[in-house]
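Asks: start-v7.csv is reproduced below (CSV, N, CA and C atoms).
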```
chain,number,residue,atom,x,y,z
A,100,MET,N,21.3,-11.4,16.8
A,100,MET,CA,22.0,-10.5,15.9
A,100,MET,C,21.1,-9.4,15.6
A,101,PRO,N,21.5,-8.2,15.7
A,101,PRO,CA,20.7,-7.0,15.4
A,101,PRO,C,20.4,-6.9,13.9
A,102,ILE,N,19.3,-6.3,13.5
A,102,ILE,CA,18.9,-6.1,12.1
A,102,ILE,C,19.8,-5.0,11.6
A,103,THR,N,20.4,-5.2,10.5
A,103,THR,CA,21.3,-4.2,9.9
A,103,THR,C,20.7,-3.6,8.6
A,104,GLY,N,19.8,-4.4,8.0
A,104,GLY,CA,19.2,-3.9,6.7
A,104,GLY,C,18.1,-2.9,7.0
A,105,LYS,N,17.6,-2.4,5.9
A,105,LYS,CA,16.6,-1.4,6.0
A,105,LYS,C,15.2,-1.9,5.7
A,106,TRP,N,15.2,-3.2,5.2
A,106,TRP,CA,13.9,-3.8,4.8
A,106,TRP,C,13.8,-5.2,5.3
A,107,ILE,N,12.6,-5.7,5.6
A,107,ILE,CA,12.4,-7.1,6.0
A,107,ILE,C,11.3,-7.6,5.1
A,108,PHE,N,11.5,-8.7,4.4
A,108,PHE,CA,10.5,-9.4,3.6
A,108,PHE,C,10.2,-10.7,4.3
A,109,THR,N,8.9,-11.0,4.4
A,109,THR,CA,8.6,-12.3,5.0
A,109,THR,C,7.8,-13.1,4.0
A,110,ALA,N,8.1,-14.4,4.0
A,110,ALA,CA,7.3,-15.4,3.2
A,110,ALA,C,6.9,-16.5,4.2
A,111,ALA,N,5.5,-16.6,4.3
A,111,ALA,CA,5.0,-17.6,5.2
A,111,ALA,C,4.0,-18.5,4.4
A,112,MET,N,3.9,-19.8,4.9
A,112,MET,CA,3.1,-20.7,4.2
A,112,MET,C,2.9,-22.0,5.0
A,113,ASP,N,1.9,-22.7,4.6
A,113,ASP,CA,1.7,-24.1,5.1
A,113,ASP,C,2.1,-25.0,4.0
A,114,VAL,N,2.3,-26.3,4.4
A,114,VAL,CA,2.7,-27.3,3.4
A,114,VAL,C,1.9,-28.6,3.7
A,115,ASP,N,1.6,-29.3,2.7
A,115,ASP,CA,0.9,-30.6,2.8
A,115,ASP,C,1.7,-31.5,3.8
A,116,PRO,N,1.0,-32.1,4.8
A,116,PRO,CA,1.7,-32.9,5.8
A,116,PRO,C,2.6,-34.0,5.2
A,117,ASP,N,2.2,-34.6,4.1
A,117,ASP,CA,3.0,-35.7,3.5
A,117,ASP,C,4.3,-35.1,2.8
A,118,LYS,N,4.4,-33.8,2.6
A,118,LYS,CA,5.5,-33.2,2.0
A,118,LYS,C,6.4,-32.4,2.9
A,119,GLU,N,6.0,-32.4,4.2
A,119,GLU,CA,6.7,-31.6,5.2
A,119,GLU,C,8.2,-31.8,5.3
A,120,ALA,N,8.6,-33.1,5.3
A,120,ALA,CA,10.1,-33.4,5.4
A,120,ALA,C,10.8,-32.9,4.2
A,121,LEU,N,10.3,-33.1,3.0
A,121,LEU,CA,10.9,-32.6,1.8
A,121,LEU,C,10.9,-31.1,1.8
A,122,PHE,N,9.8,-30.5,2.2
A,122,PHE,CA,9.8,-29.0,2.3
A,122,PHE,C,10.9,-28.5,3.2
A,123,ASN,N,11.1,-29.0,4.4
A,123,ASN,CA,12.2,-28.6,5.3
A,123,ASN,C,13.6,-28.9,4.7
A,124,GLU,N,13.8,-30.0,4.1
A,124,GLU,CA,15.0,-30.4,3.5
A,124,GLU,C,15.4,-29.4,2.4
A,125,VAL,N,14.5,-29.2,1.5
A,125,VAL,CA,14.8,-28.3,0.3
A,125,VAL,C,14.9,-26.9,0.8
A,126,TYR,N,14.1,-26.4,1.7
A,126,TYR,CA,14.2,-25.0,2.2
A,126,TYR,C,15.6,-24.8,2.8
A,127,ASP,N,16.0,-25.7,3.7
A,127,ASP,CA,17.3,-25.6,4.5
A,127,ASP,C,18.5,-25.8,3.6
A,128,GLN,N,18.5,-26.8,2.7
A,128,GLN,CA,19.7,-27.2,2.0
A,128,GLN,C,19.8,-26.5,0.6
A,129,GLU,N,18.7,-26.1,0.0
A,129,GLU,CA,18.7,-25.5,-1.3
A,129,GLU,C,18.2,-24.0,-1.3
A,130,HIS,N,17.0,-23.8,-0.9
A,130,HIS,CA,16.3,-22.5,-1.1
A,130,HIS,C,17.0,-21.4,-0.3
A,131,VAL,N,17.3,-21.6,1.0
A,131,VAL,CA,17.9,-20.6,1.8
A,131,VAL,C,19.3,-20.3,1.3
A,132,PRO,N,20.2,-21.3,1.1
A,132,PRO,CA,21.5,-21.0,0.6
A,132,PRO,C,21.5,-20.2,-0.8
A,133,THR,N,20.6,-20.6,-1.7
A,133,THR,CA,20.5,-20.0,-3.0
A,133,THR,C,20.1,-18.5,-2.8
A,134,LEU,N,19.0,-18.3,-2.0
A,134,LEU,CA,18.5,-16.9,-1.9
A,134,LEU,C,19.5,-16.0,-1.1
A,135,SER,N,20.3,-16.6,-0.2
A,135,SER,CA,21.3,-15.9,0.6
A,135,SER,C,22.4,-15.3,-0.3
A,136,ARG,N,22.6,-15.9,-1.4
A,136,ARG,CA,23.6,-15.4,-2.3
A,136,ARG,C,23.2,-14.3,-3.2
A,137,VAL,N,21.9,-14.0,-3.2
A,137,VAL,CA,21.4,-12.9,-4.1
A,137,VAL,C,21.9,-11.6,-3.6
A,138,PRO,N,22.5,-10.8,-4.5
A,138,PRO,CA,23.0,-9.5,-4.0
A,138,PRO,C,21.8,-8.7,-3.4
A,139,GLY,N,22.1,-8.1,-2.2
A,139,GLY,CA,21.2,-7.3,-1.5
A,139,GLY,C,20.4,-8.1,-0.4
A,140,VAL,N,20.6,-9.4,-0.4
A,140,VAL,CA,20.0,-10.2,0.7
A,140,VAL,C,21.1,-10.3,1.8
A,141,ILE,N,20.7,-9.8,3.0
A,141,ILE,CA,21.7,-9.7,4.1
A,141,ILE,C,21.6,-11.0,4.9
A,142,SER,N,20.4,-11.5,5.2
A,142,SER,CA,20.3,-12.7,6.0
A,142,SER,C,18.9,-13.3,5.7
A,143,VAL,N,18.8,-14.6,6.1
A,143,VAL,CA,17.6,-15.4,6.0
A,143,VAL,C,17.5,-16.2,7.2
A,144,THR,N,16.3,-16.1,7.9
A,144,THR,CA,16.0,-16.8,9.1
A,144,THR,C,14.7,-17.5,8.9
A,145,ARG,N,14.7,-18.8,9.2
A,145,ARG,CA,13.4,-19.6,9.1
A,145,ARG,C,12.7,-19.7,10.5
A,146,LEU,N,11.4,-19.8,10.5
A,146,LEU,CA,10.6,-19.8,11.7
A,146,LEU,C,9.5,-20.9,11.6
A,147,LYS,N,9.1,-21.4,12.7
A,147,LYS,CA,8.0,-22.4,12.8
A,147,LYS,C,7.1,-21.9,13.9
A,148,LEU,N,5.8,-21.7,13.5
A,148,LEU,CA,4.8,-21.2,14.4
A,148,LEU,C,4.6,-22.1,15.6
A,149,ASP,N,4.4,-21.5,16.8
A,149,ASP,CA,4.2,-22.3,18.0
A,149,ASP,C,3.1,-21.6,18.8
A,150,THR,N,2.6,-22.3,19.8
A,150,THR,CA,1.6,-21.8,20.7
A,150,THR,C,2.2,-20.7,21.6
A,151,LEU,N,1.5,-19.7,21.8
A,151,LEU,CA,2.0,-18.5,22.6
A,151,LEU,C,1.4,-18.5,24.0
A,152,ARG,N,2.2,-18.5,25.0
A,152,ARG,CA,1.8,-18.3,26.4
A,152,ARG,C,2.4,-16.9,26.8
A,153,ILE,N,1.5,-16.0,27.3
A,153,ILE,CA,2.0,-14.7,27.7
A,153,ILE,C,1.2,-14.2,28.9
A,154,THR,N,1.9,-13.4,29.7
A,154,THR,CA,1.2,-12.8,30.8
A,154,THR,C,1.2,-11.3,30.5
A,155,MET,N,-0.1,-10.7,30.5
A,155,MET,CA,-0.3,-9.3,30.3
A,155,MET,C,-1.4,-8.9,31.3
A,156,GLY,N,-1.2,-7.8,31.9
A,156,GLY,CA,-2.2,-7.3,32.9
A,156,GLY,C,-2.5,-8.2,34.0
A,157,GLY,N,-1.5,-9.0,34.4
A,157,GLY,CA,-1.6,-9.9,35.5
A,157,GLY,C,-2.3,-11.2,35.2
A,158,GLU,N,-2.6,-11.4,33.9
A,158,GLU,CA,-3.3,-12.7,33.4
A,158,GLU,C,-2.5,-13.4,32.4
A,159,THR,N,-2.3,-14.7,32.7
A,159,THR,CA,-1.5,-15.5,31.8
A,159,THR,C,-2.5,-16.2,30.8
A,160,ARG,N,-2.2,-16.0,29.5
A,160,ARG,CA,-3.1,-16.6,28.5
A,160,ARG,C,-2.3,-17.5,27.6
A,161,THR,N,-3.0,-18.5,27.0
A,161,THR,CA,-2.5,-19.3,26.0
A,161,THR,C,-3.2,-19.0,24.7
A,162,ILE,N,-2.5,-18.7,23.7
A,162,ILE,CA,-3.1,-18.2,22.4
A,162,ILE,C,-2.7,-19.2,21.4
A,163,GLU,N,-3.6,-20.0,20.8
A,163,GLU,CA,-3.4,-20.9,19.7
A,163,GLU,C,-3.4,-20.1,18.4
A,164,PRO,N,-2.5,-20.2,17.6
A,164,PRO,CA,-2.5,-19.6,16.3
A,164,PRO,C,-3.6,-20.1,15.4
A,165,GLN,N,-4.4,-19.3,14.9
A,165,GLN,CA,-5.6,-19.7,14.1
A,165,GLN,C,-5.5,-19.0,12.7
A,166,GLY,N,-5.3,-19.9,11.7
A,166,GLY,CA,-5.2,-19.3,10.3
A,166,GLY,C,-3.9,-18.9,9.9
A,167,ALA,N,-3.0,-18.7,10.8
A,167,ALA,CA,-1.6,-18.2,10.4
A,167,ALA,C,-0.8,-19.3,9.8
A,168,PRO,N,0.0,-19.1,8.8
A,168,PRO,CA,0.8,-20.1,8.2
A,168,PRO,C,1.8,-20.7,9.2
A,169,ARG,N,2.1,-22.0,9.2
A,169,ARG,CA,2.9,-22.7,10.1
A,169,ARG,C,4.4,-22.3,10.0
A,170,TYR,N,4.8,-22.1,8.8
A,170,TYR,CA,6.2,-21.8,8.5
A,170,TYR,C,6.4,-20.4,7.9
A,171,ALA,N,7.5,-19.8,8.3
A,171,ALA,CA,7.8,-18.5,7.8
A,171,ALA,C,9.3,-18.3,7.6
A,172,ALA,N,9.7,-17.4,6.7
A,172,ALA,CA,11.1,-17.1,6.6
A,172,ALA,C,11.2,-15.5,6.6
A,173,ILE,N,12.2,-15.0,7.3
A,173,ILE,CA,12.4,-13.6,7.3
A,173,ILE,C,13.7,-13.3,6.5
A,174,TYR,N,13.6,-12.4,5.5
A,174,TYR,CA,14.7,-12.1,4.7
A,174,TYR,C,15.0,-10.6,5.0
A,175,GLU,N,16.2,-10.4,5.4
A,175,GLU,CA,16.7,-9.0,5.7
A,175,GLU,C,17.3,-8.5,4.4
A,176,LEU,N,16.8,-7.4,3.9
A,176,LEU,CA,17.2,-6.8,2.6
A,176,LEU,C,17.8,-5.4,2.7
A,177,GLU,N,18.7,-5.1,1.8
A,177,GLU,CA,19.2,-3.8,1.7
A,177,GLU,C,18.2,-2.8,1.1
A,178,SER,N,17.3,-3.4,0.2
A,178,SER,CA,16.4,-2.6,-0.6
A,178,SER,C,15.2,-3.5,-1.0
A,179,PRO,N,14.0,-2.9,-1.2
A,179,PRO,CA,12.9,-3.7,-1.7
A,179,PRO,C,13.2,-4.1,-3.2
A,180,ASP,N,14.0,-3.4,-3.8
A,180,ASP,CA,14.3,-3.7,-5.2
A,180,ASP,C,15.0,-5.1,-5.4
A,181,VAL,N,15.5,-5.6,-4.4
A,181,VAL,CA,16.1,-7.0,-4.4
A,181,VAL,C,15.0,-8.0,-4.9
A,182,LEU,N,13.8,-7.8,-4.4
A,182,LEU,CA,12.7,-8.7,-4.7
A,182,LEU,C,12.3,-8.7,-6.2
A,183,THR,N,12.7,-7.7,-7.0
A,183,THR,CA,12.3,-7.7,-8.4
A,183,THR,C,13.6,-7.7,-9.3
A,184,SER,N,14.7,-8.1,-8.6
A,184,SER,CA,15.9,-8.2,-9.4
A,184,SER,C,16.0,-9.5,-10.2
A,185,PRO,N,16.7,-9.5,-11.3
A,185,PRO,CA,16.8,-10.7,-12.1
A,185,PRO,C,17.5,-11.8,-11.2
A,186,ALA,N,18.4,-11.5,-10.4
A,186,ALA,CA,19.1,-12.5,-9.5
A,186,ALA,C,18.1,-13.2,-8.6
A,187,PHE,N,17.2,-12.4,-8.0
A,187,PHE,CA,16.2,-12.9,-7.1
A,187,PHE,C,15.2,-13.8,-7.9
A,188,ALA,N,14.7,-13.3,-9.0
A,188,ALA,CA,13.8,-14.0,-9.9
A,188,ALA,C,14.4,-15.4,-10.3
A,189,GLN,N,15.6,-15.4,-10.6
A,189,GLN,CA,16.3,-16.7,-11.0
A,189,GLN,C,16.4,-17.6,-9.7
A,190,ALA,N,16.8,-17.0,-8.6
A,190,ALA,CA,17.0,-17.8,-7.4
A,190,ALA,C,15.8,-18.5,-6.9
A,191,VAL,N,14.6,-17.8,-6.9
A,191,VAL,CA,13.4,-18.4,-6.4
A,191,VAL,C,12.9,-19.6,-7.2
A,192,ASP,N,13.4,-19.8,-8.4
A,192,ASP,CA,13.0,-20.9,-9.3
A,192,ASP,C,14.1,-21.9,-9.5
A,193,GLN,N,15.1,-21.9,-8.7
A,193,GLN,CA,16.2,-22.9,-8.8
A,193,GLN,C,15.9,-24.1,-8.0
A,194,GLY,N,16.6,-25.2,-8.3
A,194,GLY,CA,16.6,-26.4,-7.5
A,194,GLY,C,15.2,-27.1,-7.6
A,195,ARG,N,14.9,-27.8,-6.5
A,195,ARG,CA,13.6,-28.6,-6.4
A,195,ARG,C,12.5,-27.8,-6.0
A,196,TRP,N,12.7,-26.5,-5.5
A,196,TRP,CA,11.6,-25.7,-4.9
A,196,TRP,C,10.4,-25.5,-5.9
A,197,PRO,N,10.6,-25.1,-7.1
A,197,PRO,CA,9.4,-24.8,-8.0
A,197,PRO,C,8.6,-26.1,-8.4
A,198,THR,N,9.3,-27.2,-8.5
A,198,THR,CA,8.6,-28.4,-9.0
A,198,THR,C,8.2,-29.4,-7.9
A,199,HIS,N,9.1,-29.5,-6.8
A,199,HIS,CA,8.8,-30.6,-5.8
A,199,HIS,C,8.2,-30.0,-4.5
A,200,VAL,N,8.3,-28.7,-4.3
A,200,VAL,CA,7.8,-28.1,-3.1
A,200,VAL,C,6.7,-27.1,-3.3
A,201,ARG,N,6.9,-26.1,-4.1
A,201,ARG,CA,5.9,-25.0,-4.2
A,201,ARG,C,4.5,-25.5,-4.5
A,202,PRO,N,4.3,-26.5,-5.4
A,202,PRO,CA,3.0,-27.0,-5.6
A,202,PRO,C,2.2,-27.5,-4.4
A,203,TYR,N,3.0,-27.9,-3.4
A,203,TYR,CA,2.3,-28.4,-2.2
A,203,TYR,C,2.2,-27.4,-1.0
A,204,THR,N,2.5,-26.2,-1.3
A,204,THR,CA,2.3,-25.1,-0.3
A,204,THR,C,1.0,-24.4,-0.5
A,205,ARG,N,0.5,-23.8,0.6
A,205,ARG,CA,-0.8,-23.1,0.5
A,205,ARG,C,-0.8,-22.1,1.6
A,206,ASN,N,-1.8,-21.3,1.7
A,206,ASN,CA,-2.0,-20.2,2.7
A,206,ASN,C,-0.7,-19.4,2.7
A,207,ARG,N,-0.2,-19.1,1.5
A,207,ARG,CA,1.0,-18.3,1.3
A,207,ARG,C,0.7,-16.8,1.6
A,208,GLN,N,1.6,-16.2,2.4
A,208,GLN,CA,1.5,-14.8,2.8
A,208,GLN,C,2.8,-14.2,2.7
A,209,HIS,N,2.9,-13.0,2.0
A,209,HIS,CA,4.2,-12.3,1.8
A,209,HIS,C,4.0,-10.9,2.3
A,210,THR,N,5.0,-10.4,3.1
A,210,THR,CA,4.9,-9.0,3.5
A,210,THR,C,6.2,-8.3,3.4
A,211,LEU,N,6.2,-7.0,3.3
A,211,LEU,CA,7.4,-6.2,3.2
A,211,LEU,C,7.3,-5.1,4.3
A,212,HIS,N,8.4,-5.0,5.1
A,212,HIS,CA,8.4,-4.0,6.2
A,212,HIS,C,9.6,-3.1,6.1
A,213,LYS,N,9.4,-1.8,6.3
A,213,LYS,CA,10.6,-0.9,6.4
A,213,LYS,C,11.0,-0.9,7.9
A,214,VAL,N,12.3,-1.1,8.1
A,214,VAL,CA,12.8,-1.1,9.5
A,214,VAL,C,12.8,0.4,10.0
A,215,MET,N,12.3,0.5,11.1
A,215,MET,CA,12.2,1.9,11.7
A,215,MET,C,13.5,2.1,12.6
A,216,LYS,N,14.3,2.9,12.2
A,216,LYS,CA,15.6,3.2,13.0
A,216,LYS,C,15.7,4.6,13.3
```
Starting from the file, lay out its structure as structure tokens.

Replies:
Amino acid sequence: MPITGKWIFTAAMDVDPDKEALFNEVYDQEHVPTLSRVPGVISVTRLKLDTLRITMGGETRTIEPQGAPRYAAIYELESPDVLTSPAFAQAVDQGRWPTHVRPYTRNRQHTLHKVMK
């Protein structure tokens, strides 16, 4: 599906191995649905980092990710103001995320990108 919004927000992180199943359950069943309902959030897509194999300049290389967070989510937004809205602030602290998941995450990285069209 093509990007239709003007902004992309990413949230990436690692999670303690013993909390990984809970992390994925809460992210998929609670966090994404809740954040998807915030006005101005167009879509949410979750990602899991993998080993990269690529051929460039006639050489195939394998690139192991080093230091990058294992999980990420891409949020397509109408405006960066969505991230500071009361609705977003309330949504990120709903459900089990703030108490059962967030304390077990680390290497958190957040970025904001303007879509070039």

Asks: Identify, with DSSP run on backbone atoms, the residues in chain A assigned to alpha helix (DSSP H), and express the list as JSON, numbers by chain.

Replies: {"A": [119, 120, 121, 122, 123, 124, 125, 131, 132, 133, 134, 135, 185, 186, 187, 188, 189, 190]}

Asks: Rounded to one decimal in Å, what is the spacing between CA of Ala167 in chain A and CA of Leu146 in chain A?

Replies: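 Calculated distance between CA of Ala167 in chain A and CA of Leu146 in chain A is 12.4 Å.
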
Asks: For range 115-117 of chain A, list every protein, DNA or RNA residue within 10 Å, evaluated using only C-alpha atoms, and leave out those in the same chain fewer than 4 positions away; present the list as a PyMOL selection string.

Replies: chain A and resi 121-122+200+202-205

Asks: Residues at most 5 Å from Ile107 in chain A, counting all atoms listed in the file, excluding those fewer than 3 positions away in the same chain, as JSON, numbers by chain?

Replies: {"A": [174, 175, 176, 211, 212]}

Asks: Mind checking which residues fall within 6.5 Å of range 186-194 of chain A, counting all atoms listed in the file, ignoring those fewer than 2 positions away in the same chain, and posting them as a list in words?

Replies: Thr133, Leu134, Val137, Pro138, Val181, Leu182, Thr183, Ser184, Trp196, Pro197 and Thr198 of chain A

Asks: If I take atom C of Met112 in chain A and CA of Gln128 in chain A, how far is one from the other in Å, to one decimal?

Replies: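 Going from atom C of Met112 in chain A over to CA of Gln128 in chain A, I get 17.8 Å.
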
Asks: Taking the backbone alone, and naming residues the way the document does, which bits of chain A are strand (DSSP E or B) by DSSP, as a JSON list (two decimals) with N, CA and C atoms, in the frame of the given file?

Replies:
```json
[["chain", "number", "residue", "atom", "x", "y", "z"],
["A", 106, "TRP", "N", 15.20, -3.20, 5.20],
["A", 106, "TRP", "CA", 13.90, -3.80, 4.80],
["A", 106, "TRP", "C", 13.80, -5.20, 5.30],
["A", 107, "ILE", "N", 12.60, -5.70, 5.60],
["A", 107, "ILE", "CA", 12.40, -7.10, 6.00],
["A", 107, "ILE", "C", 11.30, -7.60, 5.10],
["A", 108, "PHE", "N", 11.50, -8.70, 4.40],
["A", 108, "PHE", "CA", 10.50, -9.40, 3.60],
["A", 108, "PHE", "C", 10.20, -10.70, 4.30],
["A", 109, "THR", "N", 8.90, -11.00, 4.40],
["A", 109, "THR", "CA", 8.60, -12.30, 5.00],
["A", 109, "THR", "C", 7.80, -13.10, 4.00],
["A", 110, "ALA", "N", 8.10, -14.40, 4.00],
["A", 110, "ALA", "CA", 7.30, -15.40, 3.20],
["A", 110, "ALA", "C", 6.90, -16.50, 4.20],
["A", 111, "ALA", "N", 5.50, -16.60, 4.30],
["A", 111, "ALA", "CA", 5.00, -17.60, 5.20],
["A", 111, "ALA", "C", 4.00, -18.50, 4.40],
["A", 112, "MET", "N", 3.90, -19.80, 4.90],
["A", 112, "MET", "CA", 3.10, -20.70, 4.20],
["A", 112, "MET", "C", 2.90, -22.00, 5.00],
["A", 113, "ASP", "N", 1.90, -22.70, 4.60],
["A", 113, "ASP", "CA", 1.70, -24.10, 5.10],
["A", 113, "ASP", "C", 2.10, -25.00, 4.00],
["A", 114, "VAL", "N", 2.30, -26.30, 4.40],
["A", 114, "VAL", "CA", 2.70, -27.30, 3.40],
["A", 114, "VAL", "C", 1.90, -28.60, 3.70],
["A", 140, "VAL", "N", 20.60, -9.40, -0.40],
["A", 140, "VAL", "CA", 20.00, -10.20, 0.70],
["A", 140, "VAL", "C", 21.10, -10.30, 1.80],
["A", 141, "ILE", "N", 20.70, -9.80, 3.00],
["A", 141, "ILE", "CA", 21.70, -9.70, 4.10],
["A", 141, "ILE", "C", 21.60, -11.00, 4.90],
["A", 142, "SER", "N", 20.40, -11.50, 5.20],
["A", 142, "SER", "CA", 20.30, -12.70, 6.00],
["A", 142, "SER", "C", 18.90, -13.30, 5.70],
["A", 143, "VAL", "N", 18.80, -14.60, 6.10],
["A", 143, "VAL", "CA", 17.60, -15.40, 6.00],
["A", 143, "VAL", "C", 17.50, -16.20, 7.20],
["A", 144, "THR", "N", 16.30, -16.10, 7.90],
["A", 144, "THR", "CA", 16.00, -16.80, 9.10],
["A", 144, "THR", "C", 14.70, -17.50, 8.90],
["A", 145, "ARG", "N", 14.70, -18.80, 9.20],
["A", 145, "ARG", "CA", 13.40, -19.60, 9.10],
["A", 145, "ARG", "C", 12.70, -19.70, 10.50],
["A", 146, "LEU", "N", 11.40, -19.80, 10.50],
["A", 146, "LEU", "CA", 10.60, -19.80, 11.70],
["A", 146, "LEU", "C", 9.50, -20.90, 11.60],
["A", 147, "LYS", "N", 9.10, -21.40, 12.70],
["A", 147, "LYS", "CA", 8.00, -22.40, 12.80],
["A", 147, "LYS", "C", 7.10, -21.90, 13.90],
["A", 151, "LEU", "N", 1.50, -19.70, 21.80],
["A", 151, "LEU", "CA", 2.00, -18.50, 22.60],
["A", 151, "LEU", "C", 1.40, -18.50, 24.00],
["A", 152, "ARG", "N", 2.20, -18.50, 25.00],
["A", 152, "ARG", "CA", 1.80, -18.30, 26.40],
["A", 152, "ARG", "C", 2.40, -16.90, 26.80],
["A", 153, "ILE", "N", 1.50, -16.00, 27.30],
["A", 153, "ILE", "CA", 2.00, -14.70, 27.70],
["A", 153, "ILE", "C", 1.20, -14.20, 28.90],
["A", 154, "THR", "N", 1.90, -13.40, 29.70],
["A", 154, "THR", "CA", 1.20, -12.80, 30.80],
["A", 154, "THR", "C", 1.20, -11.30, 30.50],
["A", 155, "MET", "N", -0.10, -10.70, 30.50],
["A", 155, "MET", "CA", -0.30, -9.30, 30.30],
["A", 155, "MET", "C", -1.40, -8.90, 31.30],
["A", 158, "GLU", "N", -2.60, -11.40, 33.90],
["A", 158, "GLU", "CA", -3.30, -12.70, 33.40],
["A", 158, "GLU", "C", -2.50, -13.40, 32.40],
["A", 159, "THR", "N", -2.30, -14.70, 32.70],
["A", 159, "THR", "CA", -1.50, -15.50, 31.80],
["A", 159, "THR", "C", -2.50, -16.20, 30.80],
["A", 160, "ARG", "N", -2.20, -16.00, 29.50],
["A", 160, "ARG", "CA", -3.10, -16.60, 28.50],
["A", 160, "ARG", "C", -2.30, -17.50, 27.60],
["A", 161, "THR", "N", -3.00, -18.50, 27.00],
["A", 161, "THR", "CA", -2.50, -19.30, 26.00],
["A", 161, "THR", "C", -3.20, -19.00, 24.70],
["A", 162, "ILE", "N", -2.50, -18.70, 23.70],
["A", 162, "ILE", "CA", -3.10, -18.20, 22.40],
["A", 162, "ILE", "C", -2.70, -19.20, 21.40],
["A", 170, "TYR", "N", 4.80, -22.10, 8.80],
["A", 170, "TYR", "CA", 6.20, -21.80, 8.50],
["A", 170, "TYR", "C", 6.40, -20.40, 7.90],
["A", 171, "ALA", "N", 7.50, -19.80, 8.30],
["A", 171, "ALA", "CA", 7.80, -18.50, 7.80],
["A", 171, "ALA", "C", 9.30, -18.30, 7.60],
["A", 172, "ALA", "N", 9.70, -17.40, 6.70],
["A", 172, "ALA", "CA", 11.10, -17.10, 6.60],
["A", 172, "ALA", "C", 11.20, -15.50, 6.60],
["A", 173, "ILE", "N", 12.20, -15.00, 7.30],
["A", 173, "ILE", "CA", 12.40, -13.60, 7.30],
["A", 173, "ILE", "C", 13.70, -13.30, 6.50],
["A", 174, "TYR", "N", 13.60, -12.40, 5.50],
["A", 174, "TYR", "CA", 14.70, -12.10, 4.70],
["A", 174, "TYR", "C", 15.00, -10.60, 5.00],
["A", 175, "GLU", "N", 16.20, -10.40, 5.40],
["A", 175, "GLU", "CA", 16.70, -9.00, 5.70],
["A", 175, "GLU", "C", 17.30, -8.50, 4.40],
["A", 176, "LEU", "N", 16.80, -7.40, 3.90],
["A", 176, "LEU", "CA", 17.20, -6.80, 2.60],
["A", 176, "LEU", "C", 17.80, -5.40, 2.70],
["A", 204, "THR", "N", 2.50, -26.20, -1.30],
["A", 204, "THR", "CA", 2.30, -25.10, -0.30],
["A", 204, "THR", "C", 1.00, -24.40, -0.50],
["A", 205, "ARG", "N", 0.50, -23.80, 0.60],
["A", 205, "ARG", "CA", -0.80, -23.10, 0.50],
["A", 205, "ARG", "C", -0.80, -22.10, 1.60],
["A", 206, "ASN", "N", -1.80, -21.30, 1.70],
["A", 206, "ASN", "CA", -2.00, -20.20, 2.70],
["A", 206, "ASN", "C", -0.70, -19.40, 2.70],
["A", 207, "ARG", "N", -0.20, -19.10, 1.50],
["A", 207, "ARG", "CA", 1.00, -18.30, 1.30],
["A", 207, "ARG", "C", 0.70, -16.80, 1.60],
["A", 208, "GLN", "N", 1.60, -16.20, 2.40],
["A", 208, "GLN", "CA", 1.50, -14.80, 2.80],
["A", 208, "GLN", "C", 2.80, -14.20, 2.70],
["A", 209, "HIS", "N", 2.90, -13.00, 2.00],
["A", 209, "HIS", "CA", 4.20, -12.30, 1.80],
["A", 209, "HIS", "C", 4.00, -10.90, 2.30],
["A", 210, "THR", "N", 5.00, -10.40, 3.10],
["A", 210, "THR", "CA", 4.90, -9.00, 3.50],
["A", 210, "THR", "C", 6.20, -8.30, 3.40],
["A", 211, "LEU", "N", 6.20, -7.00, 3.30],
["A", 211, "LEU", "CA", 7.40, -6.20, 3.20],
["A", 211, "LEU", "C", 7.30, -5.10, 4.30],
["A", 212, "HIS", "N", 8.40, -5.00, 5.10],
["A", 212, "HIS", "CA", 8.40, -4.00, 6.20],
["A", 212, "HIS", "C", 9.60, -3.10, 6.10],
["A", 213, "LYS", "N", 9.40, -1.80, 6.30],
["A", 213, "LYS", "CA", 10.60, -0.90, 6.40],
["A", 213, "LYS", "C", 11.00, -0.90, 7.90]]
```

Asks: Just want the 6.5 Å neighbourhood of Leu151 in chain A, counted on only N, CA and C atoms, with same-chain residues fewer than 6 positions away dropped. Output as an MDAnalysis selection string.

Replies: chainID A and resid 160:164

Asks: Here is a test: counting only N, CA and C atoms, which residue of A:Ala171, A:Ala111, A:Val131, A:Val125 is nearest to Lys147 in chain A?

Replies: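 Once distances to Lys147 in chain A are computed over only N, CA and C atoms, the minimum belongs to A:Ala171.
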
Asks: Would you list the residues near (1.8, -10.2, 4.7) (no more than 10 Å away, in the coordinates of the file, using only C-alpha atoms) as a short mmCIF file (atom, residue, chain, number, x, y, z; two decimals) with N, CA and C atoms, in the coordinates of the input?

Replies:
```cif
data_model
loop_
_atom_site.label_atom_id
_atom_site.label_comp_id
_atom_site.auth_asym_id
_atom_site.auth_seq_id
_atom_site.Cartn_x
_atom_site.Cartn_y
_atom_site.Cartn_z
N PHE A 108 11.50 -8.70 4.40
CA PHE A 108 10.50 -9.40 3.60
C PHE A 108 10.20 -10.70 4.30
N THR A 109 8.90 -11.00 4.40
CA THR A 109 8.60 -12.30 5.00
C THR A 109 7.80 -13.10 4.00
N ALA A 110 8.10 -14.40 4.00
CA ALA A 110 7.30 -15.40 3.20
C ALA A 110 6.90 -16.50 4.20
N ALA A 111 5.50 -16.60 4.30
CA ALA A 111 5.00 -17.60 5.20
C ALA A 111 4.00 -18.50 4.40
N ARG A 207 -0.20 -19.10 1.50
CA ARG A 207 1.00 -18.30 1.30
C ARG A 207 0.70 -16.80 1.60
N GLN A 208 1.60 -16.20 2.40
CA GLN A 208 1.50 -14.80 2.80
C GLN A 208 2.80 -14.20 2.70
N HIS A 209 2.90 -13.00 2.00
CA HIS A 209 4.20 -12.30 1.80
C HIS A 209 4.00 -10.90 2.30
N THR A 210 5.00 -10.40 3.10
CA THR A 210 4.90 -9.00 3.50
C THR A 210 6.20 -8.30 3.40
N LEU A 211 6.20 -7.00 3.30
CA LEU A 211 7.40 -6.20 3.20
C LEU A 211 7.30 -5.10 4.30
N HIS A 212 8.40 -5.00 5.10
CA HIS A 212 8.40 -4.00 6.20
C HIS A 212 9.60 -3.10 6.10
#
```
